[in-house]
>>> print(open('model.cif').read())   # mmCIF, C-alpha atoms
data_data
#
loop_
_atom_site.label_atom_id
_atom_site.label_comp_id
_atom_site.auth_asym_id
_atom_site.auth_seq_id
_atom_site.Cartn_x
_atom_site.Cartn_y
_atom_site.Cartn_z
CA MET A 169 -4.00 -21.53 -7.15
CA LYS A 170 -6.53 -24.04 -8.39
CA ASN A 171 -10.09 -23.57 -7.14
CA TRP A 172 -9.26 -20.15 -5.71
CA PRO A 173 -11.22 -17.85 -7.99
CA LEU A 174 -11.14 -14.08 -7.69
CA TRP A 175 -14.03 -12.34 -5.97
CA GLU A 176 -14.97 -8.64 -6.03
CA VAL A 177 -16.05 -7.11 -2.73
CA PHE A 178 -18.72 -4.43 -2.29
CA ILE A 179 -19.51 -2.75 1.02
CA ARG A 180 -22.47 -0.63 2.11
CA SER A 181 -20.98 1.71 4.71
CA LYS A 182 -24.33 2.62 6.22
CA ASN A 183 -28.01 2.25 5.47
CA GLY A 184 -29.12 4.78 2.89
CA LEU A 185 -25.93 4.43 0.84
CA SER A 186 -25.21 2.02 -2.00
CA HIS A 187 -22.69 -0.77 -1.93
CA LYS A 188 -19.32 0.47 -3.16
CA HIS A 189 -16.54 -1.61 -4.73
CA VAL A 190 -13.59 -1.80 -2.34
CA GLY A 191 -11.29 -4.42 -3.87
CA SER A 192 -10.88 -8.10 -4.52
CA LEU A 193 -9.69 -11.33 -2.89
CA HIS A 194 -9.23 -15.03 -3.61
CA ALA A 195 -11.39 -17.67 -1.91
CA THR A 196 -12.57 -21.22 -2.60
CA ASP A 197 -16.26 -20.57 -1.95
CA SER A 198 -18.70 -17.79 -1.04
CA GLU A 199 -18.51 -18.49 2.71
CA MET A 200 -14.73 -18.09 2.75
CA ALA A 201 -15.04 -15.05 0.48
CA MET A 202 -17.49 -13.44 2.90
CA GLU A 203 -15.33 -14.13 5.96
CA ASN A 204 -12.17 -12.91 4.24
CA ALA A 205 -13.98 -9.81 3.02
CA ARG A 206 -15.06 -9.13 6.61
CA ASP A 207 -11.49 -9.63 7.87
CA VAL A 208 -9.76 -7.54 5.24
CA TYR A 209 -12.25 -4.79 4.46
CA THR A 210 -14.22 -4.13 7.64
CA ARG A 211 -11.65 -3.99 10.44
CA ARG A 212 -12.84 -0.57 11.52
CA MET A 213 -16.57 -1.04 11.14
CA GLU A 214 -16.47 0.32 7.62
CA GLY A 215 -19.68 -1.42 6.64
CA VAL A 216 -23.08 -2.77 7.58
CA SER A 217 -23.42 -5.02 4.56
CA ILE A 218 -21.02 -6.99 2.32
CA TRP A 219 -21.59 -8.38 -1.17
CA VAL A 220 -19.06 -10.79 -2.67
CA VAL A 221 -19.33 -11.68 -6.34
CA GLU A 222 -17.08 -13.99 -8.32
CA SER A 223 -15.28 -11.72 -10.77
CA LYS A 224 -16.23 -13.98 -13.69
CA HIS A 225 -19.89 -13.07 -13.15
CA ILE A 226 -19.25 -9.39 -13.76
CA THR A 227 -19.53 -8.12 -17.32
CA ALA A 228 -17.62 -4.89 -17.78
CA SER A 229 -17.99 -2.44 -20.64
CA ASN A 230 -14.98 -2.27 -22.92
CA PRO A 231 -13.19 1.09 -22.68
CA GLU A 232 -12.26 0.82 -26.36
CA GLU A 233 -15.99 0.77 -27.19
CA SER A 234 -16.90 3.63 -24.83
CA GLY A 235 -17.37 5.95 -27.80
CA GLU A 236 -20.13 3.91 -29.45
CA LEU A 237 -21.62 2.71 -26.16
CA PHE A 238 -22.22 6.17 -24.72
CA GLU A 239 -22.78 8.02 -28.00
CA PRO A 240 -26.61 7.98 -27.96
CA ALA A 241 -26.74 10.28 -24.90
CA GLN A 242 -24.25 12.83 -26.20
CA ASP A 243 -26.54 14.85 -28.45
CA LYS A 244 -29.74 14.65 -26.42
CA VAL A 245 -29.42 17.95 -24.64
CA TYR A 246 -33.21 18.09 -24.19
CA ARG A 247 -32.85 15.50 -21.40
CA HIS A 248 -31.40 18.25 -19.22
CA PRO A 249 -33.45 20.90 -17.35
CA THR A 250 -31.33 23.76 -18.70
CA PHE A 251 -32.64 23.14 -22.25
CA TYR A 252 -36.02 24.58 -21.26
CA ASN A 253 -36.48 28.37 -21.17
CA LEU A 254 -38.83 29.63 -18.50
CA PRO A 255 -39.14 33.17 -17.05
CA ASN A 256 -36.93 33.80 -14.02
CA GLU A 257 -39.86 35.07 -11.93
CA LEU A 258 -41.27 31.56 -11.69
CA LYS A 259 -40.47 29.85 -8.40
CA HIS A 260 -40.17 26.16 -7.47
CA ILE A 261 -39.93 24.77 -11.03
CA MET B 38 -7.02 9.61 -39.03
CA ARG B 39 -4.28 7.71 -37.20
CA ILE B 40 -4.88 7.61 -33.47
CA ASN B 41 -1.61 7.53 -31.56
CA LEU B 42 -2.39 5.51 -28.45
CA GLU B 43 0.72 6.67 -26.60
CA GLU B 44 -0.17 10.31 -27.16
CA GLN B 45 -3.77 9.74 -26.06
CA PHE B 46 -2.50 7.99 -22.94
CA GLN B 47 -0.10 10.81 -22.06
CA ALA B 48 -2.89 13.36 -22.64
CA LYS B 49 -5.06 11.53 -20.09
CA ILE B 50 -2.18 11.54 -17.58
CA ASP B 51 -1.57 15.25 -18.17
CA ALA B 52 -5.29 15.99 -17.67
CA GLU B 53 -5.29 14.09 -14.32
CA VAL B 54 -7.64 11.42 -15.71
CA LYS B 55 -6.97 8.19 -13.81
CA ILE B 56 -6.02 5.01 -15.64
CA GLU B 57 -8.26 2.03 -14.81
CA PRO B 58 -7.60 -1.71 -15.29
CA LYS B 59 -8.96 -2.31 -18.78
CA ASP B 60 -7.73 0.99 -20.28
CA TRP B 61 -4.99 0.87 -22.92
CA MET B 62 -1.56 1.56 -21.39
CA PRO B 63 2.04 1.33 -22.59
CA GLU B 64 3.51 -2.07 -21.80
CA LYS B 65 6.30 -0.34 -19.82
CA TYR B 66 3.73 1.48 -17.67
CA ARG B 67 2.04 -1.83 -16.88
CA LYS B 68 5.34 -3.61 -16.09
CA THR B 69 6.65 -0.72 -13.97
CA LEU B 70 3.45 -0.65 -11.93
CA ILE B 71 3.36 -4.43 -11.44
CA ARG B 72 6.93 -4.28 -10.17
CA GLN B 73 6.31 -1.30 -7.87
CA ILE B 74 2.93 -2.47 -6.51
CA SER B 75 4.10 -6.04 -5.89
CA GLN B 76 7.27 -4.82 -4.16
CA HIS B 77 5.08 -2.60 -2.02
CA ALA B 78 2.88 -5.63 -1.20
CA HIS B 79 5.91 -7.80 -0.36
CA SER B 80 7.17 -5.00 1.91
CA GLU B 81 3.94 -5.03 3.91
CA ILE B 82 4.05 -8.80 4.42
CA VAL B 83 7.77 -8.96 5.25
CA GLY B 84 7.23 -5.84 7.37
CA MET B 85 5.07 -7.89 9.73
CA LEU B 86 8.15 -9.80 10.88
CA PRO B 87 10.32 -7.22 12.71
CA GLU B 88 7.36 -6.22 14.89
CA GLY B 89 5.83 -9.68 15.09
CA ASN B 90 9.05 -10.50 16.87
CA TRP B 91 8.00 -8.49 19.95
CA ILE B 92 4.30 -9.34 20.30
CA THR B 93 4.89 -12.00 22.95
CA ARG B 94 7.16 -9.61 24.89
CA ALA B 95 5.04 -6.47 24.91
CA PRO B 96 5.25 -4.87 28.38
CA ASN B 97 1.50 -4.68 28.97
CA LEU B 98 -1.89 -5.50 27.46
CA ARG B 99 -2.43 -2.08 25.89
CA ARG B 100 0.88 -2.37 24.05
CA LYS B 101 0.17 -5.95 23.04
CA VAL B 102 -3.27 -5.31 21.51
CA ALA B 103 -1.92 -2.26 19.67
CA LEU B 104 1.06 -4.15 18.24
CA LEU B 105 -1.09 -7.14 17.26
CA ALA B 106 -3.58 -4.85 15.50
CA LYS B 107 -0.77 -3.05 13.69
CA VAL B 108 0.78 -6.30 12.41
CA GLN B 109 -2.64 -7.54 11.30
CA ASP B 110 -3.16 -4.27 9.42
CA GLU B 111 0.12 -4.84 7.55
CA ALA B 112 -1.19 -8.22 6.38
CA GLY B 113 -4.31 -6.49 5.10
CA HIS B 114 -2.26 -3.83 3.36
CA GLY B 115 -0.30 -6.54 1.57
CA LEU B 116 -3.58 -8.09 0.44
CA TYR B 117 -4.95 -4.78 -0.92
CA LEU B 118 -1.75 -4.34 -2.90
CA TYR B 119 -1.57 -7.90 -4.29
CA SER B 120 -5.16 -7.36 -5.47
CA ALA B 121 -4.17 -4.09 -7.14
CA ALA B 122 -1.23 -5.81 -8.88
CA GLU B 123 -3.60 -8.53 -10.14
CA THR B 124 -5.79 -5.91 -11.87
CA LEU B 125 -2.76 -5.37 -14.15
CA GLY B 126 -2.56 -9.06 -15.04
CA ALA B 127 -0.02 -10.22 -12.45
CA ASP B 128 -0.38 -13.75 -11.11
CA ARG B 129 -0.34 -13.93 -7.33
CA ASP B 130 1.40 -17.33 -7.15
CA GLN B 131 4.15 -16.01 -9.41
CA LEU B 132 4.57 -12.96 -7.18
CA PHE B 133 5.06 -15.22 -4.14
CA ARG B 134 7.53 -17.42 -6.05
CA ASP B 135 9.54 -14.33 -6.99
CA LEU B 136 9.63 -13.14 -3.39
CA HIS B 137 10.75 -16.50 -2.02
CA SER B 138 13.37 -17.01 -4.72
CA GLY B 139 14.86 -13.59 -4.03
CA LYS B 140 14.01 -12.33 -7.51
CA ALA B 141 11.54 -9.73 -6.20
CA LYS B 142 12.61 -7.00 -3.82
CA TYR B 143 10.94 -5.56 -0.76
CA SER B 144 11.76 -2.41 1.19
CA SER B 145 15.26 -2.86 2.53
CA ILE B 146 14.39 -1.29 5.90
CA PHE B 147 13.01 -4.66 6.96
CA ASN B 148 16.44 -6.24 6.68
CA TYR B 149 17.38 -4.58 9.97
CA PRO B 150 16.80 -6.40 13.29
CA THR B 151 14.51 -5.19 16.10
CA LEU B 152 16.78 -5.51 19.12
CA SER B 153 14.76 -4.06 22.00
CA TRP B 154 11.23 -3.04 22.93
CA ALA B 155 12.25 0.56 22.15
CA ASP B 156 12.62 -0.53 18.50
CA MET B 157 8.82 -0.91 18.43
CA GLY B 158 8.66 2.81 19.22
CA ALA B 159 11.34 3.80 16.71
CA VAL B 160 9.92 1.63 13.93
CA GLY B 161 6.36 2.90 14.37
CA TRP B 162 7.51 6.52 14.60
CA LEU B 163 10.19 6.60 11.88
CA VAL B 164 9.58 3.69 9.51
CA ASP B 165 5.80 4.11 9.40
CA GLY B 166 6.36 7.86 9.39
CA ALA B 167 8.50 7.61 6.27
CA ALA B 168 6.02 5.17 4.70
CA ILE B 169 3.14 7.57 5.37
CA MET B 170 4.99 10.39 3.62
CA ASN B 171 5.45 8.22 0.55
CA GLN B 172 1.93 6.78 0.66
CA VAL B 173 0.17 10.14 1.03
CA MET B 174 1.96 11.20 -2.14
CA LEU B 175 0.88 7.96 -3.85
CA CYS B 176 -2.80 8.67 -3.10
CA ARG B 177 -2.53 10.84 -6.21
CA THR B 178 -0.78 8.24 -8.37
CA SER B 179 -2.16 7.89 -11.90
CA TYR B 180 -3.30 4.24 -11.69
CA GLY B 181 -6.79 4.08 -10.10
CA PRO B 182 -6.63 0.81 -8.12
CA TYR B 183 -3.20 1.74 -6.67
CA ALA B 184 -4.39 5.21 -5.66
CA ARG B 185 -7.51 3.82 -3.99
CA ALA B 186 -5.49 1.20 -2.10
CA MET B 187 -3.23 4.03 -0.89
CA VAL B 188 -6.20 6.03 0.44
CA ARG B 189 -7.37 3.03 2.44
CA ILE B 190 -3.85 2.31 3.70
CA CYS B 191 -3.21 5.93 4.74
CA LYS B 192 -6.33 5.94 6.90
CA GLU B 193 -4.99 2.93 8.80
CA GLU B 194 -1.33 3.92 8.84
CA SER B 195 -1.68 6.98 11.09
CA PHE B 196 -2.54 4.84 14.13
CA HIS B 197 0.66 2.89 13.43
CA GLN B 198 2.83 5.96 13.72
CA ARG B 199 1.00 7.33 16.77
CA GLN B 200 1.33 3.96 18.50
CA GLY B 201 5.10 4.04 17.93
CA TYR B 202 5.51 7.63 19.05
CA GLU B 203 3.50 6.95 22.20
CA ILE B 204 5.95 4.18 23.07
CA MET B 205 8.88 6.57 22.56
CA LEU B 206 7.15 9.22 24.71
CA THR B 207 6.55 6.75 27.55
CA LEU B 208 10.18 5.56 27.47
CA CYS B 209 11.55 9.10 27.33
CA ASN B 210 9.43 10.12 30.30
CA GLY B 211 10.49 7.00 32.22
CA THR B 212 13.69 5.93 33.95
CA PRO B 213 17.14 6.98 32.64
CA GLU B 214 17.61 3.40 31.41
CA GLN B 215 14.36 3.59 29.44
CA LYS B 216 15.31 6.89 27.89
CA ALA B 217 18.73 5.51 26.97
CA MET B 218 17.01 2.53 25.31
CA ALA B 219 14.89 4.94 23.27
CA GLN B 220 17.97 6.95 22.23
CA ASP B 221 19.74 3.74 21.22
CA ALA B 222 16.78 2.73 19.03
CA LEU B 223 16.74 6.18 17.38
CA ASN B 224 20.48 5.90 16.74
CA ARG B 225 20.02 2.62 14.88
CA TRP B 226 16.86 3.44 12.92
CA TRP B 227 17.42 7.09 11.85
CA TRP B 228 19.70 6.63 8.84
CA PRO B 229 17.99 3.46 7.50
CA SER B 230 14.67 5.38 7.64
CA LEU B 231 16.15 8.14 5.48
CA MET B 232 17.31 5.47 3.04
CA MET B 233 13.70 4.28 2.69
CA PHE B 234 13.14 7.11 0.22
CA GLY B 235 15.60 5.50 -2.16
CA PRO B 236 18.67 6.84 -3.96
CA THR B 237 19.12 10.55 -4.61
CA ASP B 238 17.25 11.94 -7.61
CA ALA B 239 20.49 12.14 -9.58
CA GLU B 240 21.12 8.40 -9.01
CA SER B 241 17.52 7.34 -9.52
CA THR B 242 17.28 5.92 -13.04
CA HIS B 243 13.52 5.37 -13.34
CA SER B 244 12.49 8.63 -11.70
CA GLU B 245 12.00 10.76 -14.81
CA GLN B 246 9.61 8.38 -16.57
CA ALA B 247 7.76 7.65 -13.31
CA MET B 248 7.19 11.40 -12.83
CA LYS B 249 6.09 11.87 -16.46
CA TRP B 250 3.52 9.09 -16.10
CA LYS B 251 2.57 10.45 -12.67
CA ILE B 252 3.24 7.10 -11.04
CA LYS B 253 5.34 9.22 -8.67
CA ARG B 254 4.17 12.73 -7.78
CA LYS B 255 7.22 13.81 -5.76
CA THR B 256 10.88 12.88 -6.08
CA ASN B 257 12.92 10.83 -3.60
CA ASP B 258 14.87 13.86 -2.39
CA GLU B 259 11.72 15.97 -1.99
CA LEU B 260 10.07 13.33 0.21
CA ARG B 261 13.23 12.72 2.21
CA GLN B 262 13.58 16.45 2.93
CA GLN B 263 9.90 16.65 3.92
CA PHE B 264 10.34 13.74 6.33
CA ILE B 265 13.39 15.27 7.99
CA ASP B 266 11.76 18.70 8.37
CA VAL B 267 8.73 17.15 10.07
CA THR B 268 10.57 14.64 12.28
CA VAL B 269 13.27 16.85 13.82
CA GLU B 270 10.67 18.67 15.94
CA GLN B 271 9.21 15.36 17.07
CA ALA B 272 12.65 14.20 18.24
CA GLU B 273 13.19 17.48 20.09
CA PHE B 274 9.87 17.00 21.87
CA LEU B 275 11.11 13.60 23.09
CA GLY B 276 14.35 15.13 24.32
CA LEU B 277 16.33 12.82 22.06
CA THR B 278 19.31 13.62 19.82
CA ILE B 279 19.17 12.69 16.15
CA PRO B 280 22.48 10.95 15.31
CA ASP B 281 23.51 13.53 12.69
CA PRO B 282 26.01 16.19 13.76
CA ASP B 283 25.43 18.02 10.45
CA LEU B 284 21.70 18.45 11.03
CA LYS B 285 21.03 22.19 11.04
CA TRP B 286 18.15 24.51 10.16
CA ASN B 287 18.94 26.49 7.01
CA GLU B 288 17.01 29.77 7.15
CA GLU B 289 17.72 30.56 3.49
CA ARG B 290 16.41 27.25 2.16
CA GLY B 291 13.63 26.98 4.71
CA HIS B 292 14.65 23.36 5.33
CA TYR B 293 17.03 21.35 7.50
CA ASP B 294 20.48 20.66 6.10
CA PHE B 295 21.57 17.13 6.91
CA GLY B 296 24.65 14.93 6.76
CA ALA B 297 25.78 12.53 4.06
CA ILE B 298 23.93 9.23 3.75
CA ASP B 299 26.11 6.13 3.63
CA TRP B 300 25.05 4.85 0.19
CA GLU B 301 27.55 2.01 0.39
CA GLU B 302 25.59 0.60 3.31
CA PHE B 303 22.32 1.13 1.46
CA TRP B 304 23.45 -0.90 -1.57
CA ARG B 305 25.15 -3.53 0.60
CA VAL B 306 21.88 -4.18 2.47
CA VAL B 307 19.70 -4.03 -0.67
CA LYS B 308 21.96 -6.59 -2.32
CA GLY B 309 21.61 -9.07 0.56
CA GLY B 310 24.26 -7.98 3.06
CA GLY B 311 21.94 -6.81 5.83
CA THR B 312 21.58 -8.66 9.14
CA MET B 313 18.14 -10.10 8.48
CA ASN B 314 17.92 -10.57 4.67
CA ARG B 315 18.25 -14.35 4.67
CA ASN B 316 16.17 -14.71 7.83
CA ARG B 317 13.22 -12.77 6.39
CA ILE B 318 13.03 -14.90 3.25
CA LYS B 319 13.53 -18.10 5.23
CA THR B 320 10.68 -17.14 7.60
CA ARG B 321 8.34 -16.24 4.75
CA THR B 322 9.12 -19.40 2.81
CA LYS B 323 8.65 -21.56 5.91
CA ALA B 324 5.27 -19.94 6.66
CA PHE B 325 4.18 -20.49 3.06
CA GLU B 326 5.27 -24.13 3.01
CA GLU B 327 3.88 -24.96 6.43
CA GLY B 328 0.58 -23.34 5.52
CA ALA B 329 0.18 -25.50 2.42
CA TRP B 330 -2.09 -27.98 4.20
CA VAL B 331 -4.61 -25.18 4.88
CA ARG B 332 -4.74 -24.22 1.20
CA GLU B 333 -4.96 -27.88 0.17
CA ALA B 334 -7.75 -28.55 2.66
CA ALA B 335 -9.76 -25.56 1.45
CA ASN B 336 -9.23 -26.75 -2.13
CA ALA B 337 -10.30 -30.30 -1.35
CA TYR B 338 -13.39 -29.07 0.48
CA ALA B 339 -14.39 -26.84 -2.43
CA GLU B 340 -13.98 -29.72 -4.86
CA LYS B 341 -15.99 -32.03 -2.62
CA GLN B 342 -18.83 -29.49 -2.42
CA GLU B 343 -18.77 -29.10 -6.21
CA GLN B 344 -18.99 -32.88 -6.68
CA LYS B 345 -21.85 -33.04 -4.21
CA LEU B 346 -23.73 -30.38 -6.15
CA LYS B 347 -23.10 -32.16 -9.45
CA SER B 348 -24.36 -35.51 -8.17
CA GLN B 349 -27.49 -33.85 -6.72
CA VAL B 350 -28.32 -32.27 -10.05
CA ALA B 351 -27.61 -35.47 -12.02
#
>>> encode(input="model.cif", output="structure tokens")
Amino acid sequence: MKNWPLWEVFIRSKNGLSHKHVGSLHATDSEMAMENARDVYTRRMEGVSIWVVESKHITASNPEESGELFEPAQDKVYRHPTFYNLPNELKHI
Amino acid sequence: MRINLEEQFQAKIDAEVKIEPKDWMPEKYRKTLIRQISQHAHSEIVGMLPEGNWITRAPNLRRKVALLAKVQDEAGHGLYLYSAAETLGADRDQLFRDLHSGKAKYSSIFNYPTLSWADMGAVGWLVDGAAIMNQVMLCRTSYGPYARAMVRICKEESFHQRQGYEIMLTLCNGTPEQKAMAQDALNRWWWPSLMMFGPTDAESTHSEQAMKWKIKRKTNDELRQQFIDVTVEQAEFLGLTIPDPDLKWNEERGHYDFGAIDWEEFWRVVKGGGTMNRNRIKTRTKAFEEGAWVREAANAYAEKQEQKLKSQVA
């Protein structure tokens, strides 16, 4: 379908929570995408806010490169609270 | 060190790690899922027709709004599933072409006609009931987007079954004619509903690989038995008789024994010999063709807006 790009839909179910990805749909422009997202993904008041983004604007990390991409964090154990030894008697720290 | 992709993939499956769209997967896994998910999507869309048939003849407003909402939900379910199929690289236009040409299948249950208002009760109770059993199982399927679509669908599906059962309850508590109408609907929809779970495990060629890849988490026979065990009580509560003289509780097995399914009928209907096969495809194709002007108008409007933007910038 010409001029019917794919859009990804994100919904915030209630204030305080983040938008979550719920699926995708085809639409000719952002207005149609928004209305279709409302019709398909919020029939039971599942959300208070909708984001629609054309799929082509999303850059996704490549699973094949996950190793290199996430490697820097793997050996930095000192970023975690459990790395630090403090006496058990101490409270609230 | 040679990395065997197939082995890595199977290890993920065995460890209950979900497979997501861009992950490496065997080509057969991808093709099997595209076929299964798109058939599921087609089933939802075609499944709107047997019940759509009765919207204008619902006996009261409560029944009408419920039936309308149910049929709308089925449209949405189809859309979730087409989207899931697209994450695997399927082309939506091609999926529609395959449905209209008869190349793609949909659940054969929808090749049966809805002959009376009581069918709305039987279909909601039994057909959605059977679908729920299958879909709850699929919430744990190995492919992420399919599993997530199933979770969303299951949440919506339970109202469908309750709506149908409520209709059956009202008819069975009504006049003798109403109860007879309900019994007639049960008589016609019982065996086709059992067939929804597909051929027996012994006859099911793809089952083993589908279980190994955790596309399927339970076998056809397991689901069919589960459905029968759960539904018999519901029929008893209605005061209706299930049209199976061999239906009997087996204390030893802890399940109901049931009669032989007519597999000749199953294959006859799957292969095009059901009452409504041609009608369903004709209706879908007509809707698609007659709706072309809407798609073309939306297209033309989008292009016009793009041109407008371009000339403003220039």
>>> interface_residues(input="model.cif", of="chain B", to="chain A", cutoff="10 Å", atoms="only C-alpha atoms", output="ChimeraX atom specification")
/B:57-61,106,109-110,112-114,116-121,123-124,128-130,182,185-186,189,193,332-333,335-340,342-343
>>> write_last_selection(input="model.cif", atoms="C-alpha atoms", output="short mmCIF file (atom, residue, chain, number, x, y, z; two decimals), in the frame of the given file")
data_model
loop_
_atom_site.label_atom_id
_atom_site.label_comp_id
_atom_site.auth_asym_id
_atom_site.auth_seq_id
_atom_site.Cartn_x
_atom_site.Cartn_y
_atom_site.Cartn_z
CA GLU B 57 -8.26 2.03 -14.81
CA PRO B 58 -7.60 -1.71 -15.29
CA LYS B 59 -8.96 -2.31 -18.78
CA ASP B 60 -7.73 0.99 -20.28
CA TRP B 61 -4.99 0.87 -22.92
CA ALA B 106 -3.58 -4.85 15.50
CA GLN B 109 -2.64 -7.54 11.30
CA ASP B 110 -3.16 -4.27 9.42
CA ALA B 112 -1.19 -8.22 6.38
CA GLY B 113 -4.31 -6.49 5.10
CA HIS B 114 -2.26 -3.83 3.36
CA LEU B 116 -3.58 -8.09 0.44
CA TYR B 117 -4.95 -4.78 -0.92
CA LEU B 118 -1.75 -4.34 -2.90
CA TYR B 119 -1.57 -7.90 -4.29
CA SER B 120 -5.16 -7.36 -5.47
CA ALA B 121 -4.17 -4.09 -7.14
CA GLU B 123 -3.60 -8.53 -10.14
CA THR B 124 -5.79 -5.91 -11.87
CA ASP B 128 -0.38 -13.75 -11.11
CA ARG B 129 -0.34 -13.93 -7.33
CA ASP B 130 1.40 -17.33 -7.15
CA PRO B 182 -6.63 0.81 -8.12
CA ARG B 185 -7.51 3.82 -3.99
CA ALA B 186 -5.49 1.20 -2.10
CA ARG B 189 -7.37 3.03 2.44
CA GLU B 193 -4.99 2.93 8.80
CA ARG B 332 -4.74 -24.22 1.20
CA GLU B 333 -4.96 -27.88 0.17
CA ALA B 335 -9.76 -25.56 1.45
CA ASN B 336 -9.23 -26.75 -2.13
CA ALA B 337 -10.30 -30.30 -1.35
CA TYR B 338 -13.39 -29.07 0.48
CA ALA B 339 -14.39 -26.84 -2.43
CA GLU B 340 -13.98 -29.72 -4.86
CA GLN B 342 -18.83 -29.49 -2.42
CA GLU B 343 -18.77 -29.10 -6.21
#
>>> closest_residue(input="model.cif", among="B:Glu302, B:Lys216, B:Met248, B:Met62", to="Leu175 (chain B)", atoms="only C-alpha atoms")
B:Met248
>>> atom_distance(input="model.cif", atom1="CA of Leu163 (chain B)", atom2="CA of Glu259 (chain B)")
16.8 Å
>>> atom_distance(input="model.cif", atom1="CA of Met233 (chain B)", atom2="CA of Arg261 (chain B)")
8.5 Å
>>> closest_residue(input="model.cif", among="B:Leu70, B:Leu86, B:Ala167, B:Val307", to="His243 (chain B)", atoms="all atoms listed in the file")
B:Leu70
